[in-house]
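Pasted below: final-v4.txt, compact mmCIF, C-alpha atoms and all ligand atoms.
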```
# COMPACT_ATOMS: atom_id res chain seq x y z
CA MET A 1 58.47 330.85 3.09
CA SER A 2 55.85 328.35 1.95
CA LYS A 3 53.89 326.48 4.58
CA PRO A 4 54.41 322.71 4.97
CA ARG A 5 51.76 320.81 3.08
CA VAL A 6 49.91 318.38 5.34
CA ALA A 7 47.69 315.45 4.32
CA ILE A 8 45.60 313.32 6.65
CA PHE A 9 44.66 309.81 5.56
CA ASP A 10 42.37 307.28 7.23
CA PHE A 11 42.49 303.51 7.13
CA ALA A 12 40.49 301.04 9.26
CA CYS A 13 39.22 303.06 12.21
CA CYS A 14 36.31 305.07 13.57
CA GLU A 15 37.88 308.42 12.53
CA GLY A 16 37.50 309.64 16.11
CA CYS A 17 41.09 310.87 16.20
CA GLN A 18 40.53 313.11 13.18
CA LEU A 19 37.43 314.37 14.95
CA GLN A 20 39.63 315.39 17.87
CA ILE A 21 41.61 317.55 15.43
CA VAL A 22 38.47 319.10 13.97
CA ASN A 23 37.32 319.85 17.52
CA MET A 24 40.49 321.80 18.30
CA GLU A 25 38.59 324.87 17.06
CA GLU A 26 40.63 328.05 17.80
CA GLU A 27 43.86 326.08 18.27
CA LEU A 28 43.24 324.51 14.85
CA LEU A 29 42.72 327.93 13.27
CA ASP A 30 46.05 329.01 14.72
CA LEU A 31 47.78 325.87 13.39
CA LEU A 32 46.31 326.57 9.96
CA THR A 33 48.25 329.82 9.80
CA HIS A 34 51.44 327.68 9.83
CA ILE A 35 50.47 324.64 7.74
CA GLU A 36 48.56 324.06 4.52
CA PRO A 37 46.16 321.11 4.57
CA VAL A 38 46.04 319.57 1.10
CA GLU A 39 44.04 316.40 1.77
CA TRP A 40 41.81 315.57 4.71
CA ARG A 41 38.69 313.58 3.87
CA GLU A 42 36.89 314.41 7.11
CA ALA A 43 37.26 318.17 6.66
CA MET A 44 37.75 319.04 2.96
CA SER A 45 37.00 317.72 -0.53
CA GLU A 46 40.32 318.52 -2.24
CA SER A 47 43.09 315.95 -2.56
CA SER A 48 46.74 316.09 -3.56
CA GLU A 49 49.69 313.84 -4.31
CA ARG A 50 52.12 316.49 -3.04
CA TYR A 51 52.60 316.79 0.71
CA ASP A 52 55.41 317.17 3.23
CA ILE A 53 53.74 315.67 6.29
CA ALA A 54 51.43 312.64 6.07
CA ILE A 55 49.26 311.86 9.08
CA ILE A 56 47.93 308.31 9.16
CA GLU A 57 44.88 307.30 11.17
CA GLY A 58 43.69 303.70 11.38
CA SER A 59 45.13 300.22 11.25
CA ILE A 60 46.12 298.32 8.12
CA THR A 61 43.80 295.43 7.36
CA ARG A 62 44.18 294.63 3.64
CA GLN A 63 46.95 294.15 1.06
CA GLN A 64 45.69 297.12 -1.02
CA ASP A 65 45.93 299.29 2.10
CA GLU A 66 49.57 298.28 2.54
CA GLU A 67 50.24 299.37 -1.05
CA ARG A 68 48.40 302.67 -0.51
CA LEU A 69 50.33 303.30 2.72
CA LYS A 70 53.68 302.61 1.02
CA LEU A 71 52.79 305.10 -1.73
CA ILE A 72 51.90 307.73 0.87
CA ARG A 73 55.17 307.06 2.69
CA SER A 74 57.15 307.47 -0.54
CA ARG A 75 55.60 310.90 -1.09
CA ALA A 76 55.98 312.27 2.46
CA LYS A 77 59.05 313.68 4.18
CA VAL A 78 57.55 313.03 7.61
CA LEU A 79 54.96 310.43 8.57
CA ILE A 80 52.93 310.58 11.79
CA ALA A 81 50.86 307.67 13.16
CA LEU A 82 47.70 309.12 14.70
CA GLY A 83 45.89 307.28 17.49
CA ALA A 84 45.95 303.74 18.84
CA CYS A 85 44.62 302.12 15.65
CA ALA A 86 47.65 303.45 13.80
CA THR A 87 50.30 303.30 16.55
CA LEU A 88 49.39 299.85 17.94
CA GLY A 89 46.87 298.28 15.58
CA GLY A 90 44.41 299.09 18.35
CA VAL A 91 41.10 297.37 18.96
CA ASN A 92 41.12 296.09 15.36
CA LYS A 93 44.03 293.82 16.25
CA LEU A 94 41.78 291.74 18.49
CA ALA A 95 40.77 290.04 15.22
CA ASN A 96 44.30 288.57 14.98
CA GLY A 97 43.46 286.26 17.86
CA PHE A 98 40.87 284.39 15.75
CA ASP A 99 41.63 281.66 13.20
CA ASP A 100 38.53 282.33 11.12
CA LEU A 101 38.24 285.93 9.88
CA ASN A 102 34.76 285.22 8.52
CA GLU A 103 33.65 284.40 12.04
CA VAL A 104 34.98 287.77 13.25
CA LYS A 105 33.31 289.68 10.42
CA LYS A 106 30.01 287.90 10.96
CA CYS A 107 30.12 288.60 14.69
CA VAL A 108 30.69 292.32 14.08
CA TYR A 109 28.73 292.97 10.88
CA GLY A 110 26.11 290.21 10.76
CA ASP A 111 24.51 290.00 7.29
CA ALA A 112 26.78 292.79 6.04
CA ALA A 113 29.90 290.67 6.65
CA ARG A 114 30.34 290.19 2.89
CA MET A 115 31.09 293.87 2.32
CA PRO A 116 34.17 293.91 0.07
CA HIS A 117 36.15 296.52 2.00
CA LEU A 118 36.39 294.58 5.29
CA LEU A 119 39.64 293.13 6.60
CA THR A 120 41.23 290.34 4.58
CA GLY A 121 44.29 289.43 6.65
CA GLN A 122 46.26 290.06 9.80
CA VAL A 123 45.69 293.55 11.20
CA LYS A 124 48.86 295.67 11.37
CA ALA A 125 49.95 298.90 13.01
CA VAL A 126 51.32 301.50 10.59
CA SER A 127 54.92 300.88 11.74
CA GLU A 128 54.59 297.21 10.74
CA VAL A 129 54.26 298.32 7.11
CA VAL A 130 56.31 301.53 6.75
CA PRO A 131 58.72 303.55 8.94
CA VAL A 132 56.94 305.98 11.28
CA ASP A 133 58.65 309.22 12.32
CA TYR A 134 56.33 310.26 15.15
CA SER A 135 53.40 308.76 17.04
CA VAL A 136 50.48 310.55 18.64
CA HIS A 137 49.10 308.02 21.10
CA GLY A 138 45.67 307.31 22.51
CA CYS A 139 42.12 306.30 21.66
CA PRO A 140 41.25 308.94 20.91
CA ILE A 141 44.34 311.12 20.73
CA ASN A 142 44.89 313.97 23.11
CA ALA A 143 44.36 317.03 20.85
CA GLU A 144 46.75 319.12 22.93
CA GLU A 145 49.50 316.55 22.35
CA PHE A 146 48.74 316.54 18.62
CA GLY A 147 49.12 320.33 18.51
CA TYR A 148 52.39 320.04 20.45
CA VAL A 149 53.82 317.45 18.02
CA ILE A 150 52.92 319.57 14.98
CA ARG A 151 54.41 322.71 16.54
CA CYS A 152 57.63 320.85 17.33
CA LEU A 153 57.89 319.77 13.69
CA LEU A 154 57.30 323.35 12.54
CA ARG A 155 60.07 324.57 14.89
CA GLY A 156 62.39 321.78 13.79
CA THR A 157 62.56 320.28 17.29
CA THR A 158 61.87 316.72 18.40
CA PRO A 159 58.66 316.25 20.40
CA VAL A 160 59.22 314.76 23.83
CA ILE A 161 56.50 312.17 24.47
CA PRO A 162 56.14 311.01 28.10
CA ASN A 163 57.88 307.75 28.83
CA PHE A 164 56.62 307.23 32.36
CA PRO A 165 53.44 305.47 33.54
CA VAL A 166 49.90 306.87 33.61
CA CYS A 167 50.05 306.51 37.43
CA VAL A 168 52.20 309.67 37.51
CA ASP A 169 49.50 311.69 35.70
CA CYS A 170 46.89 310.05 37.91
CA LYS A 171 48.66 310.90 41.19
CA MET A 172 49.18 314.49 40.08
CA ARG A 173 45.44 314.65 39.46
CA GLU A 174 44.81 313.21 42.95
CA SER A 175 42.35 310.59 41.67
CA THR A 176 41.55 307.67 43.95
CA CYS A 177 43.36 304.59 42.69
CA ARG A 178 41.05 302.06 40.99
CA PHE A 179 42.82 299.25 42.86
CA GLU A 180 41.22 300.65 46.02
CA TYR A 181 37.91 299.62 44.40
CA GLY A 182 39.15 296.09 43.72
CA GLU A 183 39.67 296.82 40.00
CA ILE A 184 42.71 296.13 37.81
CA CYS A 185 44.14 299.24 36.20
CA LEU A 186 46.80 299.29 33.49
CA GLY A 187 48.22 302.62 34.62
CA PRO A 188 51.45 301.15 36.07
CA ILE A 189 52.69 299.91 32.65
CA THR A 190 50.95 302.34 30.25
CA ARG A 191 52.56 305.43 28.71
CA ALA A 192 51.42 308.68 30.33
CA GLY A 193 50.59 311.92 28.58
CA CYS A 194 46.80 311.69 28.52
CA GLY A 195 46.35 313.26 31.95
CA ALA A 196 44.77 310.02 33.27
CA PRO A 197 41.17 310.94 32.41
CA CYS A 198 39.85 307.40 32.83
CA PRO A 199 40.65 306.89 36.53
CA ALA A 200 39.47 310.47 37.13
CA ALA A 201 36.13 309.52 35.54
CA GLY A 202 35.80 306.33 37.61
CA MET A 203 37.26 303.81 35.11
CA TRP A 204 40.51 301.87 35.09
CA CYS A 205 43.12 302.67 32.45
CA PHE A 206 42.61 300.49 29.35
CA GLY A 207 46.16 301.00 28.08
CA CYS A 208 45.23 302.92 24.93
CA ARG A 209 48.60 304.71 24.80
CA GLY A 210 50.57 301.46 24.74
CA TYR A 211 53.32 300.37 27.09
CA VAL A 212 55.98 302.70 28.43
CA ASP A 213 59.31 301.79 26.84
CA GLU A 214 60.69 300.12 29.95
CA PRO A 215 57.82 299.35 32.31
CA ASN A 216 58.81 299.02 35.95
CA ILE A 217 57.44 295.52 36.14
CA ASN A 218 58.77 295.06 39.67
CA GLY A 219 56.85 298.14 40.79
CA ALA A 220 53.75 296.84 38.99
CA ARG A 221 54.22 293.47 40.69
CA ASP A 222 54.36 295.20 44.10
CA VAL A 223 51.05 296.91 43.34
CA MET A 224 49.50 293.60 42.23
CA GLU A 225 50.70 291.81 45.36
CA ARG A 226 49.43 294.56 47.62
CA TYR A 227 45.97 294.26 46.08
CA ARG A 228 46.08 290.48 45.74
CA LYS A 229 46.19 290.49 41.93
CA THR A 230 48.73 288.92 39.60
CA VAL A 231 50.91 290.39 36.85
CA ASP A 232 49.04 288.05 34.47
CA ASP A 233 45.78 289.76 35.51
CA LEU A 234 47.39 293.01 34.42
CA LYS A 235 48.69 291.62 31.14
CA SER A 236 45.37 290.02 30.21
CA ARG A 237 43.79 293.46 30.21
CA MET A 238 46.34 294.73 27.69
CA ALA A 239 44.82 292.64 24.89
CA LEU A 240 42.21 295.31 24.16
CA PHE A 241 44.73 297.78 22.76
CA ASN A 242 48.02 295.91 22.77
CA THR A 243 47.42 292.60 20.99
CA GLY A 244 50.65 291.59 19.31
CA GLN A 245 52.82 294.15 21.17
CA GLU A 246 55.81 292.75 22.98
CA GLN A 247 54.65 292.33 26.55
CA PRO A 248 56.65 293.73 29.49
CA HIS A 249 58.98 291.08 30.84
CA ALA A 250 58.18 289.84 34.33
S1 LIG A 301 42.36 305.27 17.98
FE1 LIG A 301 40.28 305.13 18.80
S2 LIG A 301 39.32 307.12 18.37
FE2 LIG A 301 41.18 306.94 17.10
S3 LIG A 301 40.44 306.17 15.16
FE3 LIG A 301 41.09 304.39 16.37
S4 LIG A 301 39.22 303.69 17.43
FE4 LIG A 301 38.82 305.75 16.66
S1 LIG A 302 46.89 302.11 39.01
FE1 LIG A 302 45.45 303.31 37.74
S2 LIG A 302 44.07 304.33 39.18
FE2 LIG A 302 45.88 303.63 40.34
S3 LIG A 302 47.28 305.38 40.35
FE3 LIG A 302 47.83 304.11 38.59
S4 LIG A 302 46.65 304.97 36.89
FE4 LIG A 302 45.73 305.75 38.78
S1 LIG A 303 43.99 306.65 31.25
FE1 LIG A 303 44.70 304.89 30.03
S2 LIG A 303 42.93 304.32 28.76
FE2 LIG A 303 42.52 306.38 29.60
S3 LIG A 303 43.28 307.79 28.02
FE3 LIG A 303 45.00 307.45 29.42
S4 LIG A 303 46.16 305.72 28.56
FE4 LIG A 303 44.15 305.73 27.57
```

Kindly transcribe the structure held in the file into structure tokens.
Amino acid sequence: MSKPRVAIFDFACCEGCQLQIVNMEEELLDLLTHIEPVEWREAMSESSERYDIAIIEGSITRQQDEERLKLIRSRAKVLIALGACATLGGVNKLANGFDDLNEVKKCVYGDAARMPHLLTGQVKAVSEVVPVDYSVHGCPINAEEFGYVIRCLLRGTTPVIPNFPVCVDCKMRESTCRFEYGEICLGPITRAGCGAPCPAAGMWCFGCRGYVDEPNINGARDVMERYRKTVDDLKSRMALFNTGQEQPHA
């Protein structure tokens, strides 16, 4: 039986999620016995218009990128959004909060702001342009979760992505809660599955995996009240990765 042909494409992003895949090392070698990469700019020079699974990294920032993405979608049986830039629009979506895109470009790129390939309109997540079959969350992605999603596809099963808050991962890891340090952490409303590395490393959760489907906003409110914070404090932090996402209802 022929192996599924897999192509990885990047749009506006830092390519750090692809790097996570490259860094899978032995696990990647094992995956390569089951799939055939046919296009992957970060790891090979060949390209192809024939693929079964398209993996999309990055957010969509220009009209020509929308057209390119639609073409990719039309060629692929399965499309996976890879990482927060693709699943949410990510940090790039912060630009949507500004009226003047030139101001944003100048702030980020200085004299190089006239480069022709920079954003030209509202930043979009992949699902705002084409249907997405599966999402691998995070900035960067969790490589183990990526491997799990691919293996599920190869087995013909549906990957089960956690739909409970990062606090669960964090408690299982026995990290001290960042609220105890007077900080605001997005763990109560953010999708778990990363293993809560940020609180374990002494940082609050930035919400890079997006909201859980039905955040327990009452539970989050209890936490805020206990530590004398407000739900709005919590929501204001979500802008970094979740600009434009529907906010949990209070
Ligand atoms: S999600 Fe984060 S690590 Fe991945 S490409 Fe975007 S900015 Fe880079
Ligand atoms: S609020 Fe943050 S630090 Fe506290 S338990 Fe939840 S994820 Fe961990
Ligand atoms: S703890 Fe939060 S910010 Fe850190 S990886 Fe997990 S979801 Fe992302």

Interatomic distance (Å, one decimal) between CA of Ala112 in chain A and CA of Cys208 in chain A: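 Between these atoms lies a distance of 28.3 Å.
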
Per-residue nearest contacts of chain A to ligand LIG 303 (chain A) (6 Å; only C-alpha atoms and all ligand atoms) as a Markdown table:
```
| residue | atom | partner | partner_atom | distance |
| --- | --- | --- | --- | --- |
| A:Gly138 | CA | A:LIG303 | FE4 | 5.5 |
| A:Cys194 | CA | A:LIG303 | FE3 | 4.7 |
| A:Ala196 | CA | A:LIG303 | S1 | 4.0 |
| A:Pro197 | CA | A:LIG303 | S1 | 5.3 |
| A:Cys198 | CA | A:LIG303 | FE2 | 4.3 |
| A:Cys205 | CA | A:LIG303 | FE1 | 3.6 |
| A:Phe206 | CA | A:LIG303 | S2 | 3.9 |
| A:Gly207 | CA | A:LIG303 | FE1 | 4.6 |
| A:Cys208 | CA | A:LIG303 | FE4 | 4.0 |
| A:Arg209 | CA | A:LIG303 | S4 | 4.6 |
```

Writer output for current selection, C-alpha atoms, as a PDB file, keeping the file's coordinate frame:
```
ATOM      1  CA  GLY A 138      45.670 307.310  22.510  1.00  0.00           C
ATOM      2  CA  CYS A 194      46.800 311.690  28.520  1.00  0.00           C
ATOM      3  CA  ALA A 196      44.770 310.020  33.270  1.00  0.00           C
ATOM      4  CA  PRO A 197      41.170 310.940  32.410  1.00  0.00           C
ATOM      5  CA  CYS A 198      39.850 307.400  32.830  1.00  0.00           C
ATOM      6  CA  CYS A 205      43.120 302.670  32.450  1.00  0.00           C
ATOM      7  CA  PHE A 206      42.610 300.490  29.350  1.00  0.00           C
ATOM      8  CA  GLY A 207      46.160 301.000  28.080  1.00  0.00           C
ATOM      9  CA  CYS A 208      45.230 302.920  24.930  1.00  0.00           C
ATOM     10  CA  ARG A 209      48.600 304.710  24.800  1.00  0.00           C
TER      11      ARG A 209
END
```

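Counting all atoms listed in the file and comparing A:Val91, A:Ile8, A:Val104, A:Ala220, the residue that lies closest to ligand LIG 301 (chain A) is A:Val91.
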
List all protein, DNA and RNA residues that have an atom no more than 8 Å from any atom of ligand LIG 302 (chain A), counting all atoms listed in the file, and report them as JSON, numbers by chain. {"A": [165, 166, 167, 168, 169, 170, 171, 175, 176, 177, 178, 179, 180, 184, 185, 186, 187, 188, 196, 199, 200, 203, 204, 205, 223]}

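A distance search around ligand LIG 301 (chain A) (8 Å at most, all atoms listed in the file) returns the following protein and nucleic acid residues: Ala12, Cys13, Cys14, Glu15, Gly16, Cys17, Gln18, Glu57, Gly58, Ser59, Leu82, Gly83, Ala84, Cys85, Ala86, Gly90, Val91, His137, Gly138, Cys139, Pro140, Ile141 and Cys208 of chain A.
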
Can I get the residues of range 126-155 of chain A within 9 Å of range 28-32 of chain A, each with the closest pair of atoms and their distance in Å to one decimal, using only C-alpha atoms, sorted chain first then ascending number, as JSON lines?
```
{"residue": "A:Gly147", "atom": "CA", "partner": "A:Leu31", "partner_atom": "CA", "distance": 7.7}
{"residue": "A:Ile150", "atom": "CA", "partner": "A:Leu31", "partner_atom": "CA", "distance": 8.3}
{"residue": "A:Arg151", "atom": "CA", "partner": "A:Leu31", "partner_atom": "CA", "distance": 8.0}
```

Would you mind listing what lies within 7 Å of Ala54 in chain A as a list of chain:residue names, with only C-alpha atoms counted and same-chain residues fewer than 5 positions away left out?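 Close residues of Ala54 in chain A: A:Val6, A:Ala7, A:Ile8, A:Ala76, A:Val78, A:Leu79, A:Ile80.
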
Nearest to Arg62 in chain A: which of A:Gly244, A:Gly219, A:Gly121, A:Gly202 is it, counting only C-alpha atoms?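 Going through A:Gly244, A:Gly219, A:Gly121, A:Gly202 one by one, the smallest distance to Arg62 in chain A is for A:Gly121.
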
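Across the structure, CA of Ala201 in chain A and CA of Gly182 in chain A are spaced 16.0 Å apart.
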
Residue nearest Glu128 in chain A among A:Ala143, A:Ala81, A:Ile53, A:Leu240 (counting all atoms listed in the file):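 Using all atoms listed in the file, Glu128 in chain A sits closest to A:Ala81.
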
Computed interatomic separation between CA of Val231 in chain A and CA of Tyr211 in chain A (Å):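 Distance between the two atoms: 14.2 Å.
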
Protein/DNA/RNA residues near (55.6, 307.4, -2.9), cut 12 Å, all atoms listed in the file, as a list of chain:residue names: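 The requested residues, written out, are A:Glu49, A:Arg50, A:Tyr51, A:Asp52, A:Ala54, A:Glu67, A:Arg68, A:Leu69, A:Lys70, A:Leu71, A:Ile72, A:Arg73, A:Ser74, A:Arg75, A:Ala76, A:Lys77, A:Leu79, A:Val130.
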
Since we have the selection now, will you write its residues out, keeping C-alpha atoms, as a tab-separated table (two decimals), in the coordinates of the input?
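Once written, again_34.tsv looks like this:
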```
chain	number	residue	atom	x	y	z
A	49	GLU	CA	49.69	313.84	-4.31
A	50	ARG	CA	52.12	316.49	-3.04
A	51	TYR	CA	52.60	316.79	0.71
A	52	ASP	CA	55.41	317.17	3.23
A	54	ALA	CA	51.43	312.64	6.07
A	67	GLU	CA	50.24	299.37	-1.05
A	68	ARG	CA	48.40	302.67	-0.51
A	69	LEU	CA	50.33	303.30	2.72
A	70	LYS	CA	53.68	302.61	1.02
A	71	LEU	CA	52.79	305.10	-1.73
A	72	ILE	CA	51.90	307.73	0.87
A	73	ARG	CA	55.17	307.06	2.69
A	74	SER	CA	57.15	307.47	-0.54
A	75	ARG	CA	55.60	310.90	-1.09
A	76	ALA	CA	55.98	312.27	2.46
A	77	LYS	CA	59.05	313.68	4.18
A	79	LEU	CA	54.96	310.43	8.57
A	130	VAL	CA	56.31	301.53	6.75
```
